[in-house]
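Asker: See run.cif below, with mmCIF, C-alpha atoms.
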data_work
#
loop_
_atom_site.label_atom_id
_atom_site.label_comp_id
_atom_site.auth_asym_id
_atom_site.auth_seq_id
_atom_site.Cartn_x
_atom_site.Cartn_y
_atom_site.Cartn_z
CA ALA V 1 -79.70 79.10 11.65
CA GLU V 2 -79.49 79.28 7.86
CA ALA V 3 -83.13 80.37 7.64
CA VAL V 4 -82.52 83.18 10.14
CA VAL V 5 -79.57 84.42 8.08
CA ALA V 6 -81.59 84.23 4.85
CA GLU V 7 -84.46 86.18 6.39
CA VAL V 8 -82.15 88.93 7.69
CA GLU V 9 -80.56 89.22 4.23
CA ALA V 10 -83.99 89.45 2.60
CA ARG V 11 -85.21 92.11 5.03
CA LEU V 12 -82.20 94.38 4.50
CA GLY V 13 -82.22 93.94 0.72
CA ALA V 14 -79.99 92.51 -1.97
CA GLY V 15 -76.36 93.54 -1.68
CA GLU V 16 -76.78 95.16 1.75
CA VAL V 17 -75.56 92.29 3.93
CA GLU V 18 -73.70 89.02 3.46
CA GLY V 19 -74.44 86.44 6.12
CA ARG V 20 -73.31 82.96 7.00
CA ALA V 21 -74.30 80.43 9.64
CA SER V 22 -72.00 77.81 11.16
CA VAL V 23 -73.44 75.14 13.45
CA ALA V 24 -71.03 73.15 15.62
CA PRO V 25 -71.87 70.52 18.26
CA ASP V 26 -71.82 73.07 21.09
CA ARG V 27 -72.40 76.46 19.47
CA THR V 28 -74.03 78.29 16.60
CA VAL V 29 -72.14 81.18 15.01
CA ILE V 30 -73.83 83.69 12.72
CA THR V 31 -71.64 86.19 10.88
CA PHE V 32 -72.69 89.22 8.86
CA LEU V 33 -70.49 91.38 6.66
CA VAL V 34 -72.08 94.82 6.22
CA ARG V 35 -71.25 98.46 5.60
CA PRO V 36 -70.73 100.29 8.91
CA GLU V 37 -73.93 102.29 8.66
CA GLN V 38 -75.93 99.04 8.38
CA ALA V 39 -74.47 97.32 11.46
CA ALA V 40 -77.14 98.45 13.92
CA ALA V 41 -79.96 97.64 11.49
CA THR V 42 -78.51 94.19 10.88
CA LEU V 43 -78.40 93.35 14.57
CA THR V 44 -81.89 94.78 15.06
CA ALA V 45 -83.18 92.50 12.30
CA LEU V 46 -81.34 89.56 13.82
CA GLY V 47 -82.89 90.29 17.21
CA GLU V 48 -86.39 90.43 15.77
CA ILE V 49 -86.03 87.38 13.52
CA GLY V 50 -83.61 85.11 15.37
CA PHE V 51 -84.72 85.88 18.91
CA GLY V 52 -88.31 86.94 18.20
CA THR V 53 -90.75 86.13 15.45
CA GLY V 54 -88.52 83.74 13.53
CA PRO V 55 -88.10 83.40 9.75
CA SER V 56 -91.12 83.05 7.48
CA THR V 57 -92.45 79.63 6.53
CA ALA V 58 -91.46 80.31 2.91
CA THR V 59 -87.85 80.99 3.91
CA VAL V 60 -87.77 77.89 6.13
CA ALA V 61 -89.13 75.76 3.27
CA ASP V 62 -86.55 77.13 0.82
CA VAL V 63 -83.63 76.54 3.20
CA ARG V 64 -84.92 73.09 4.15
CA ASN V 65 -85.04 72.08 0.48
CA ARG V 66 -81.50 73.38 -0.12
CA ARG V 67 -80.16 71.61 2.98
CA ALA V 68 -81.87 68.38 1.93
CA GLY V 69 -80.19 68.71 -1.48
CA VAL V 70 -76.77 69.05 0.13
CA LEU V 71 -77.38 66.05 2.39
CA ARG V 72 -78.66 63.98 -0.52
CA PHE V 73 -75.47 64.77 -2.45
CA GLU V 74 -73.32 63.79 0.57
CA LEU V 75 -75.32 60.65 1.38
CA ASP V 76 -72.65 58.09 0.51
CA SER V 77 -69.61 60.22 1.28
CA PRO V 78 -67.20 58.61 3.76
CA LEU V 79 -66.53 62.10 5.16
CA ARG V 80 -69.82 61.96 7.05
CA GLU V 81 -68.71 58.86 8.94
CA VAL V 82 -65.24 60.33 9.40
CA GLY V 83 -66.88 63.37 11.00
CA VAL V 84 -68.87 61.21 13.41
CA GLU V 85 -65.74 59.30 14.41
CA ARG V 86 -63.72 62.49 14.86
CA ARG V 87 -66.38 63.94 17.17
CA ALA V 88 -66.54 60.66 19.08
CA LEU V 89 -62.79 60.94 19.60
CA LEU V 90 -63.25 64.34 21.26
CA PHE V 91 -66.55 63.94 23.07
CA GLY V 92 -66.80 60.18 23.65
CA THR V 93 -68.87 57.51 21.92
CA GLY V 94 -72.57 57.99 22.51
CA ASP V 95 -72.33 61.67 23.38
CA PRO V 96 -75.09 63.66 21.61
CA ARG V 97 -72.43 65.99 20.19
CA THR V 98 -71.17 63.20 17.92
CA ARG V 99 -74.26 63.55 15.75
CA PRO V 100 -73.80 65.50 12.48
CA PRO V 101 -74.40 69.20 13.28
CA GLY V 102 -75.90 69.62 9.80
CA GLY V 103 -78.48 66.92 10.46
CA THR V 104 -79.39 63.85 8.47
CA LEU V 105 -81.48 63.68 5.32
CA ALA V 106 -84.35 61.84 7.04
CA VAL V 107 -84.56 64.37 9.86
CA VAL V 108 -84.32 67.43 7.61
CA GLU V 109 -86.96 66.13 5.19
CA SER V 110 -89.38 65.22 7.98
CA ALA V 111 -88.90 68.28 10.22
CA GLY V 112 -92.07 70.38 10.36
CA ASP V 113 -92.31 74.14 10.68
CA ALA V 114 -93.43 73.93 14.32
CA GLU V 115 -90.55 71.62 15.23
CA ILE V 116 -87.99 73.89 13.57
CA ASP V 117 -89.41 76.96 15.27
CA ALA V 118 -89.38 75.20 18.66
CA ALA V 119 -85.69 74.39 18.15
CA ARG V 120 -84.97 78.01 17.26
CA ARG V 121 -86.72 79.29 20.39
CA MET V 122 -84.77 76.86 22.56
CA LEU V 123 -81.36 77.62 21.02
CA PHE V 124 -81.63 81.35 20.27
CA THR V 125 -81.91 82.98 23.67
CA ALA V 126 -80.58 86.49 24.10
CA GLY V 127 -79.06 85.86 27.51
CA ASP V 128 -76.77 83.18 26.10
CA ALA V 129 -75.56 85.16 23.08
CA ARG V 130 -72.31 87.06 22.66
CA VAL V 131 -71.92 89.76 20.01
CA VAL V 132 -68.69 91.15 18.59
CA ALA V 133 -68.55 93.90 15.97
CA VAL V 134 -65.28 94.78 14.23
CA GLY V 135 -64.95 97.96 12.21
CA PRO V 136 -65.63 101.71 12.40
CA VAL V 137 -69.09 101.28 13.91
CA GLU V 138 -70.61 103.95 16.16
CA PRO V 139 -72.14 104.23 18.61
CA ALA V 140 -71.00 101.00 20.21
CA GLY V 141 -73.84 101.00 22.73
CA ALA V 142 -76.43 100.75 19.96
CA LEU V 143 -75.24 97.31 18.89
CA THR V 144 -77.59 94.96 20.70
CA ILE V 145 -79.48 91.96 19.40
CA ALA V 146 -82.64 92.21 21.48
CA ALA V 147 -84.70 95.05 22.85
CA GLN V 148 -84.50 93.68 26.37
CA ALA V 149 -80.69 93.66 26.34
CA PRO V 150 -79.29 96.77 28.07
CA PRO V 151 -76.69 98.46 25.83
CA VAL V 152 -73.24 98.77 27.39
CA SER V 153 -70.73 101.16 25.82
CA GLU V 154 -67.09 100.36 25.31
CA PRO V 155 -64.30 102.33 23.63
CA SER V 156 -65.15 100.94 20.22
CA VAL V 157 -67.72 98.61 18.77
CA SER V 158 -68.80 95.66 20.84
CA ALA V 159 -71.92 94.72 22.73
CA ASP V 160 -73.70 91.53 23.63
CA ALA V 161 -76.99 90.36 25.01
CA THR V 162 -75.77 90.16 28.58
CA SER V 163 -73.47 92.30 30.68
CA ALA V 164 -70.23 90.68 29.50
CA ASP V 165 -68.95 92.55 26.48
CA THR V 166 -65.56 93.41 25.04
CA ALA V 167 -64.70 95.99 22.38
CA ALA V 168 -62.54 95.54 19.30
CA ALA V 169 -61.68 98.02 16.57
CA SER V 170 -60.46 97.78 13.00
CA PRO V 171 -59.66 100.41 10.36
CA GLU V 172 -61.67 98.44 7.80
CA ALA V 173 -64.29 100.27 5.77
CA ARG V 174 -66.66 97.40 6.46
CA ALA V 175 -67.84 95.79 9.64
CA GLY V 176 -67.97 92.16 10.54
CA ALA V 177 -70.58 91.35 13.16
CA ASP V 178 -70.50 87.95 14.75
CA VAL V 179 -73.05 86.38 17.07
CA ALA V 180 -72.23 83.18 18.94
CA ALA V 181 -74.77 81.25 20.97
CA ALA V 182 -74.04 78.20 23.07
CA SER V 183 -76.08 75.12 23.83
CA PRO V 184 -76.05 74.38 26.71
CA PRO V 185 -76.10 78.08 27.60
CA GLY V 186 -73.05 80.13 28.38
CA GLY V 187 -70.21 78.42 30.15
CA THR V 188 -66.45 78.81 30.06
CA THR V 189 -63.60 76.45 29.38
CA SER V 190 -63.18 73.90 32.16
CA ALA V 191 -60.46 74.31 34.76
CA GLY V 192 -59.12 70.85 33.99
CA PRO V 193 -57.84 69.06 30.86
CA ALA V 194 -60.45 67.51 28.58
CA TRP V 195 -59.10 64.02 29.41
CA THR V 196 -56.19 62.42 31.24
CA THR V 197 -55.74 59.03 29.53
CA PRO V 198 -54.74 58.26 25.92
CA ASP V 199 -56.87 56.42 23.38
CA ARG V 200 -56.39 55.05 19.88
CA ARG V 201 -59.20 53.97 17.58
CA ILE V 202 -58.98 52.26 14.19
CA VAL V 203 -61.92 52.24 11.77
CA VAL V 204 -61.42 50.12 8.64
CA ARG V 205 -63.40 50.97 5.50
CA GLU V 206 -62.86 50.49 1.76
CA VAL V 207 -61.78 54.08 1.07
CA THR V 208 -59.03 55.51 -1.11
CA ASN V 209 -57.01 57.31 1.58
CA THR V 210 -56.49 57.31 5.32
CA TRP V 211 -57.73 60.05 7.62
CA LEU V 212 -55.77 60.71 10.80
CA SER V 213 -56.98 62.73 13.76
CA VAL V 214 -54.72 63.32 16.76
CA ALA V 215 -56.04 65.40 19.66
CA PHE V 216 -53.92 66.62 22.59
CA PRO V 217 -55.64 67.96 25.73
CA VAL V 218 -54.33 71.34 26.85
CA PRO V 219 -53.74 72.10 30.55
CA ALA V 220 -55.93 75.02 31.61
CA ASP V 221 -53.06 77.03 33.07
CA LEU V 222 -51.11 77.39 29.80
CA PRO V 223 -51.08 80.87 28.21
CA ARG V 224 -53.45 80.81 25.26
CA VAL V 225 -51.01 82.60 22.97
CA ALA V 226 -48.41 79.90 23.69
CA VAL V 227 -50.87 77.15 22.74
CA LEU V 228 -51.76 78.96 19.51
CA PHE V 229 -48.05 79.35 18.75
CA VAL V 230 -47.47 75.60 19.24
CA ALA V 231 -50.38 74.85 16.90
CA ASP V 232 -48.86 77.18 14.31
CA ARG V 233 -45.45 75.52 14.61
CA MET V 234 -47.04 72.09 14.19
CA GLN V 235 -48.85 73.30 11.07
CA GLN V 236 -45.56 74.57 9.62
CA GLU V 237 -43.68 71.38 10.41
CA LEU V 238 -46.37 69.11 8.96
CA ASN V 239 -46.70 71.23 5.81
CA ALA V 240 -43.03 70.96 4.94
CA THR V 241 -41.41 72.30 1.76
CA PRO V 242 -41.13 70.33 -0.45
CA PRO V 243 -44.39 68.61 0.60
CA ASP V 244 -44.45 65.05 1.86
CA PRO V 245 -45.48 62.89 -1.15
CA GLY V 246 -47.77 60.82 1.06
CA LEU V 247 -49.75 63.80 2.37
CA PHE V 248 -52.92 65.19 0.78
CA ASN V 249 -53.69 67.87 3.37
CA VAL V 250 -53.26 68.64 7.05
CA SER V 251 -54.73 71.19 9.45
CA VAL V 252 -53.99 72.08 13.07
CA GLU V 253 -56.39 74.01 15.26
CA VAL V 254 -57.08 74.74 18.91
CA ALA V 255 -60.65 73.72 19.75
CA GLU V 256 -62.59 75.19 22.66
CA MET V 257 -64.73 72.60 24.46
CA PRO V 258 -66.65 72.85 27.74
CA GLU V 259 -64.39 70.09 29.05
CA GLY V 260 -61.23 72.01 28.19
CA GLU V 261 -59.10 73.20 25.31
CA VAL V 262 -57.81 70.65 22.79
CA LEU V 263 -55.12 70.92 20.09
CA VAL V 264 -56.36 68.90 17.10
CA VAL V 265 -54.33 67.70 14.11
CA GLU V 266 -56.28 66.33 11.14
CA ALA V 267 -54.59 64.86 8.08
CA ALA V 268 -55.50 62.97 4.93
CA VAL V 269 -52.67 60.69 3.75
CA LEU V 270 -51.95 57.77 1.47
CA PRO V 271 -52.65 54.49 3.28
CA ASP V 272 -49.03 53.35 3.12
CA ALA V 273 -47.91 56.66 4.70
CA SER V 274 -50.32 56.44 7.62
CA GLU V 275 -48.01 54.95 10.25
CA ARG V 276 -45.14 57.23 9.31
CA PHE V 277 -47.27 60.35 9.47
CA GLU V 278 -48.95 59.34 12.71
CA ARG V 279 -45.51 58.98 14.28
CA ARG V 280 -44.48 62.40 12.99
CA ILE V 281 -47.52 63.99 14.61
CA LEU V 282 -47.00 62.20 17.93
CA ASP V 283 -43.29 63.12 18.04
CA LEU V 284 -43.87 66.81 17.34
CA PRO V 285 -44.68 68.07 20.87
CA ALA V 286 -41.48 66.60 22.32
CA ARG V 287 -39.42 67.99 19.45
CA LEU V 288 -40.95 71.45 19.75
CA ALA V 289 -40.24 71.35 23.48
CA THR V 290 -36.51 71.42 22.62
CA GLU V 291 -36.75 74.61 20.52
CA ARG V 292 -35.29 77.13 22.96
CA ASP V 293 -32.85 79.08 20.80
CA PRO V 294 -33.92 82.75 21.09
CA ALA V 295 -33.06 83.75 17.51
CA PHE V 296 -34.78 80.70 16.03
CA PHE V 297 -37.81 81.41 18.22
CA ARG V 298 -38.01 85.09 17.22
CA TYR V 299 -38.10 84.10 13.54
CA HIS V 300 -41.03 81.73 14.08
CA ARG V 301 -42.81 84.14 16.40
CA GLY V 302 -42.64 86.78 13.65
CA ARG V 303 -44.16 84.38 11.13
CA PHE V 304 -46.84 83.37 13.62
CA ARG V 305 -47.74 86.99 14.41
CA ALA V 306 -47.87 87.99 10.74
CA GLY V 307 -50.08 85.05 9.83
CA ARG V 308 -52.56 85.74 12.64
CA LEU V 309 -52.76 89.45 11.88
CA ILE V 310 -53.30 88.79 8.17
CA ALA V 311 -56.10 86.35 9.02
CA ASP V 312 -57.69 88.90 11.35
CA ALA V 313 -57.43 91.67 8.73
CA ALA V 314 -60.79 90.53 7.37
CA PRO V 315 -63.28 91.96 9.91
CA GLU V 316 -65.61 88.99 9.63
CA ARG V 317 -62.77 86.60 10.51
CA ALA V 318 -61.69 88.75 13.45
CA ALA V 319 -65.25 89.00 14.73
CA GLU V 320 -65.74 85.24 14.50
CA ARG V 321 -62.57 84.53 16.48
CA MET V 322 -63.42 87.07 19.17
CA ALA V 323 -67.00 85.86 19.55
CA ALA V 324 -65.82 82.27 20.03
CA GLU V 325 -63.32 83.37 22.69
CA LEU V 326 -65.91 85.53 24.44
CA LEU V 327 -68.37 82.64 24.49
CA ALA V 328 -65.89 80.05 25.75
CA ARG V 329 -63.75 82.14 28.09
CA GLY V 330 -65.64 85.33 28.85
CA THR V 331 -62.65 87.36 27.59
CA ILE V 332 -61.00 88.17 24.27
CA LEU V 333 -57.30 87.58 23.73
CA ALA V 334 -55.41 90.84 23.09
CA PHE V 335 -53.26 88.99 20.58
CA ASP V 336 -50.77 91.61 19.45
CA GLU V 337 -49.96 92.46 23.04
CA ALA V 338 -49.76 88.85 24.19
CA VAL V 339 -47.55 87.65 21.34
CA TRP V 340 -44.74 90.08 22.25
CA SER V 341 -44.72 88.73 25.81
CA LEU V 342 -44.23 85.16 24.55
CA ASP V 343 -40.70 83.81 24.86
CA ALA V 344 -38.95 80.64 23.73
CA SER V 345 -39.07 78.99 27.14
CA THR V 346 -42.82 79.52 27.55
CA ALA V 347 -43.54 78.20 24.06
CA ALA V 348 -41.35 75.13 24.59
CA GLY V 349 -43.00 74.52 27.95
CA ALA V 350 -46.45 74.64 26.35
CA ALA V 351 -45.43 71.99 23.81
CA ALA V 352 -44.05 69.78 26.58
CA ALA V 353 -47.22 70.18 28.67
CA LEU V 354 -49.66 68.83 26.08
CA GLY V 355 -51.52 65.86 27.52
CA PRO V 356 -51.96 62.24 26.36
CA PRO V 357 -53.32 62.13 22.81
CA ARG V 358 -56.45 60.52 21.45
CA ILE V 359 -55.86 59.09 17.99
CA LEU V 360 -58.24 58.12 15.19
CA VAL V 361 -57.04 56.15 12.16
CA PHE V 362 -59.83 55.88 9.61
#
Show how you would write the structure in this file as structure tokens.
Answerer:
Amino acid sequence: AEAVVAEVEARLGAGEVEGRASVAPDRTVITFLVRPEQAAATLTALGEIGFGTGPSTATVADVRNRRAGVLRFELDSPLREVGVERRALLFGTGDPRTRPPGGTLAVVESAGDAEIDAARRMLFTAGDARVVAVGPVEPAGALTIAAQAPPVSEPSVSADATSADTAAASPEARAGADVAAASPPGGTTSAGPAWTTPDRRIVVREVTNTWLSVAFPVPADLPRVAVLFVADRMQQELNATPPDPGLFNVSVEVAEMPEGEVLVVEAAVLPDASERFERRILDLPARLATERDPAFFRYHRGRFRAGRLIADAAPERAAERMAAELLARGTILAFDEAVWSLDASTAAGAAAALGPPRILVF
């Protein structure tokens, strides 16, 4: 993925495009930030390189050496093991998705050009890709990633490699184009929760702080905007002012998985604050389920809306979010419309409906 991005950047020339690749256990996301007039050329280059001929051997060698350098630097970092354990919490021990998405040093150093190209041909298939472009890009129908993909016009600037596409517009003077590909291909979020029984795992290592991961399965019938609001409220509550002296950092996100949606809290804390902070996280859904005062809710809904819109103001961020939703669900959330329909009762009900948590204490 990184070699494909590097080759596209090289083809279009220095300063013409800024690309980034993100590889997760079940998807690869490639994002380009370009001037509007370069959007079609960028996706054409991506189609030819990513889904066609592939990057040059020189580019592959350069990226392989850089990736090996990163992995060599991280070799003894406990974060690599923490990552494996966190993925095992979500996917189950032994699942192939628990392996590091960035690879291991031994594999990266030994991977040959033919092996890398075979992996690219297996993973980068036009029929499994979803493309979202955000910005003043015209014509929308020209934005395809492969010659065999029939262009489909929408009111603004979106197309993908199959027939399922959704448009999104932004007044930005730049365009963010995002391509998401799944492995296994396609798929939408499951109709059921990711799991139905709780779990708690403890991994003991000689490290300087404790990592906590708490994951709540989300029932499929909950409104997505309500789940995102609950995640935002949890983030606010856990990042209190003044900050908890035992907390280094905490993040809350809603993860899309083929098995179902999951609300994930990850925190790094002092070891002696671990039990206290774990209890705070576990108590939050029940406490948020009691927040039904309309005025109090409107205040937090306003903060939530503002934060999401500010995050989406960067076209590359908006494109990445939309591509992930299109890949997982087949539709894109019309956020600013959905957030005004959210009320206190629905938000409280979403918090109360979160399923039994899986917990990792590392």
Asker: Between atom CA of V:Ala352 and atom CA of V:Leu228, what is the distance, to one decimal in Å?
Answerer: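 Interatomic distance here is 13.9 Å.
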Asker: When the PyMOL selection byres ((chain V and resi 233) around 12) is applied to the file above, which residues end up in the set, as a PyMOL selection string?
Answerer: chain V and resi 226-232+234-240+251-253+265+281+284-285+287-289+291+296-297+299-305+307+347-348+350-351
Asker: With all atoms listed in the file as the counted atoms, please give the residues lying no more than 10 Å from stretch 8-24 of chain V, apart from itself and same-chain residues fewer than 2 positions off, as a PDB file with C-alpha atoms, in the frame of the given file.
Answerer:
ATOM      1  CA  ALA V   1     -79.700  79.100  11.650  1.00  0.00           C
ATOM      2  CA  GLU V   2     -79.490  79.280   7.860  1.00  0.00           C
ATOM      3  CA  ALA V   3     -83.130  80.370   7.640  1.00  0.00           C
ATOM      4  CA  VAL V   4     -82.520  83.180  10.140  1.00  0.00           C
ATOM      5  CA  VAL V   5     -79.570  84.420   8.080  1.00  0.00           C
ATOM      6  CA  ALA V   6     -81.590  84.230   4.850  1.00  0.00           C
ATOM      7  CA  ASP V  26     -71.820  73.070  21.090  1.00  0.00           C
ATOM      8  CA  ARG V  27     -72.400  76.460  19.470  1.00  0.00           C
ATOM      9  CA  THR V  28     -74.030  78.290  16.600  1.00  0.00           C
ATOM     10  CA  VAL V  29     -72.140  81.180  15.010  1.00  0.00           C
ATOM     11  CA  ILE V  30     -73.830  83.690  12.720  1.00  0.00           C
ATOM     12  CA  THR V  31     -71.640  86.190  10.880  1.00  0.00           C
ATOM     13  CA  PHE V  32     -72.690  89.220   8.860  1.00  0.00           C
ATOM     14  CA  LEU V  33     -70.490  91.380   6.660  1.00  0.00           C
ATOM     15  CA  VAL V  34     -72.080  94.820   6.220  1.00  0.00           C
ATOM     16  CA  ARG V  35     -71.250  98.460   5.600  1.00  0.00           C
ATOM     17  CA  GLN V  38     -75.930  99.040   8.380  1.00  0.00           C
ATOM     18  CA  ALA V  39     -74.470  97.320  11.460  1.00  0.00           C
ATOM     19  CA  ALA V  41     -79.960  97.640  11.490  1.00  0.00           C
ATOM     20  CA  THR V  42     -78.510  94.190  10.880  1.00  0.00           C
ATOM     21  CA  LEU V  43     -78.400  93.350  14.570  1.00  0.00           C
ATOM     22  CA  THR V  44     -81.890  94.780  15.060  1.00  0.00           C
ATOM     23  CA  ALA V  45     -83.180  92.500  12.300  1.00  0.00           C
ATOM     24  CA  LEU V  46     -81.340  89.560  13.820  1.00  0.00           C
ATOM     25  CA  GLY V  47     -82.890  90.290  17.210  1.00  0.00           C
ATOM     26  CA  GLU V  48     -86.390  90.430  15.770  1.00  0.00           C
ATOM     27  CA  ILE V  49     -86.030  87.380  13.520  1.00  0.00           C
ATOM     28  CA  GLY V  50     -83.610  85.110  15.370  1.00  0.00           C
ATOM     29  CA  PRO V  55     -88.100  83.400   9.750  1.00  0.00           C
ATOM     30  CA  THR V  59     -87.850  80.990   3.910  1.00  0.00           C
ATOM     31  CA  ARG V  97     -72.430  65.990  20.190  1.00  0.00           C
ATOM     32  CA  PRO V 100     -73.800  65.500  12.480  1.00  0.00           C
ATOM     33  CA  PRO V 101     -74.400  69.200  13.280  1.00  0.00           C
ATOM     34  CA  GLY V 102     -75.900  69.620   9.800  1.00  0.00           C
ATOM     35  CA  GLY V 176     -67.970  92.160  10.540  1.00  0.00           C
ATOM     36  CA  ALA V 177     -70.580  91.350  13.160  1.00  0.00           C
ATOM     37  CA  ASP V 178     -70.500  87.950  14.750  1.00  0.00           C
ATOM     38  CA  VAL V 179     -73.050  86.380  17.070  1.00  0.00           C
ATOM     39  CA  ALA V 180     -72.230  83.180  18.940  1.00  0.00           C
ATOM     40  CA  ALA V 181     -74.770  81.250  20.970  1.00  0.00           C
ATOM     41  CA  ALA V 182     -74.040  78.200  23.070  1.00  0.00           C
ATOM     42  CA  SER V 183     -76.080  75.120  23.830  1.00  0.00           C
ATOM     43  CA  GLU V 316     -65.610  88.990   9.630  1.00  0.00           C
TER      44      GLU V 316
END
Asker: Give me, as an MDAnalysis selection string, all polymer residues having an atom no more than 8 Å from stretch 81-84 of chain V, counting all atoms listed in the file and skipping those fewer than 4 positions away in the same chain.
Answerer: chainID V and resid 77 88 98:100 211 362
Asker: Please indicate the distance in Å from atom CA of V:Ala129 to atom CA of V:Leu89, rounded to one decimal place.
Answerer: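 If I compute the distance from atom CA of V:Ala129 to atom CA of V:Leu89, I get 27.6 Å.
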Asker: Please write out, as lines of an AutoDock Vina configuration file, where the centre of an axis-aligned box around all listed atoms of stretch 315-331 of chain V lies and how long its edges are, in Å to one decimal, after adding 3 Å on each side.
Answerer:
center_x = -65.0
center_y = 86.0
center_z = 19.2
size_x = 12.7
size_y = 17.9
size_z = 25.2
Asker: Considering only C-alpha atoms, state which residue in the set V:Pro193, V:Pro294, V:Pro258, V:Gly135 is at the smallest distance from V:Leu327.
Answerer: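 Nearest to V:Leu327: V:Pro258.
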Asker: May I ask which of the residues V:Leu333, V:Leu326, V:Ile359, V:Val269 is the closest one to V:Val207, counting all atoms listed in the file?
Answerer: V:Val269
Asker: Hey, can you check how far atom CA of V:Val132 sits from atom CA of V:Val254?
Answerer: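 Going from atom CA of V:Val132 over to atom CA of V:Val254 covers 20.1 Å.
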Asker: Excluding V:Asn65 and any residue of its chain fewer than 2 positions from it, enumerate the residues within 12 Å of it, using only C-alpha atoms, and give them as a VMD selection string.
Answerer: chain V and resid 2 to 3 58 to 63 67 to 72 105 108 to 111
Asker: Which residues, written as a list of chain:residue names, have at least one atom at most 7 Å from V:Val262, with only C-alpha atoms counted and residues fewer than 6 positions away on the same chain left out?
Answerer: V:Ala215, V:Phe216, V:Pro217, V:Val218, V:Val254, V:Ala255, V:Glu256
Asker: Could you expand the PyMOL selection byres ((chain V and resi 121) around 12) into the explicit residues it covers here, written as a compact mmCIF listing (two decimals) with C-alpha atoms, in the frame of the given file?
Answerer:
# COMPACT_ATOMS: atom_id res chain seq x y z
CA ALA V 1 -79.70 79.10 11.65
CA VAL V 4 -82.52 83.18 10.14
CA ILE V 49 -86.03 87.38 13.52
CA GLY V 50 -83.61 85.11 15.37
CA PHE V 51 -84.72 85.88 18.91
CA GLY V 52 -88.31 86.94 18.20
CA THR V 53 -90.75 86.13 15.45
CA GLY V 54 -88.52 83.74 13.53
CA PRO V 55 -88.10 83.40 9.75
CA ALA V 114 -93.43 73.93 14.32
CA GLU V 115 -90.55 71.62 15.23
CA ILE V 116 -87.99 73.89 13.57
CA ASP V 117 -89.41 76.96 15.27
CA ALA V 118 -89.38 75.20 18.66
CA ALA V 119 -85.69 74.39 18.15
CA ARG V 120 -84.97 78.01 17.26
CA MET V 122 -84.77 76.86 22.56
CA LEU V 123 -81.36 77.62 21.02
CA PHE V 124 -81.63 81.35 20.27
CA THR V 125 -81.91 82.98 23.67
CA ALA V 126 -80.58 86.49 24.10
CA SER V 183 -76.08 75.12 23.83
Asker: Set the distance at 7 Å and use all atoms listed in the file: which residues neighbour V:Val203 once local chain neighbours fewer than 2 positions away are removed? I'd like the list as a ChimeraX atom specification.
Answerer: /V:201,205,361-362
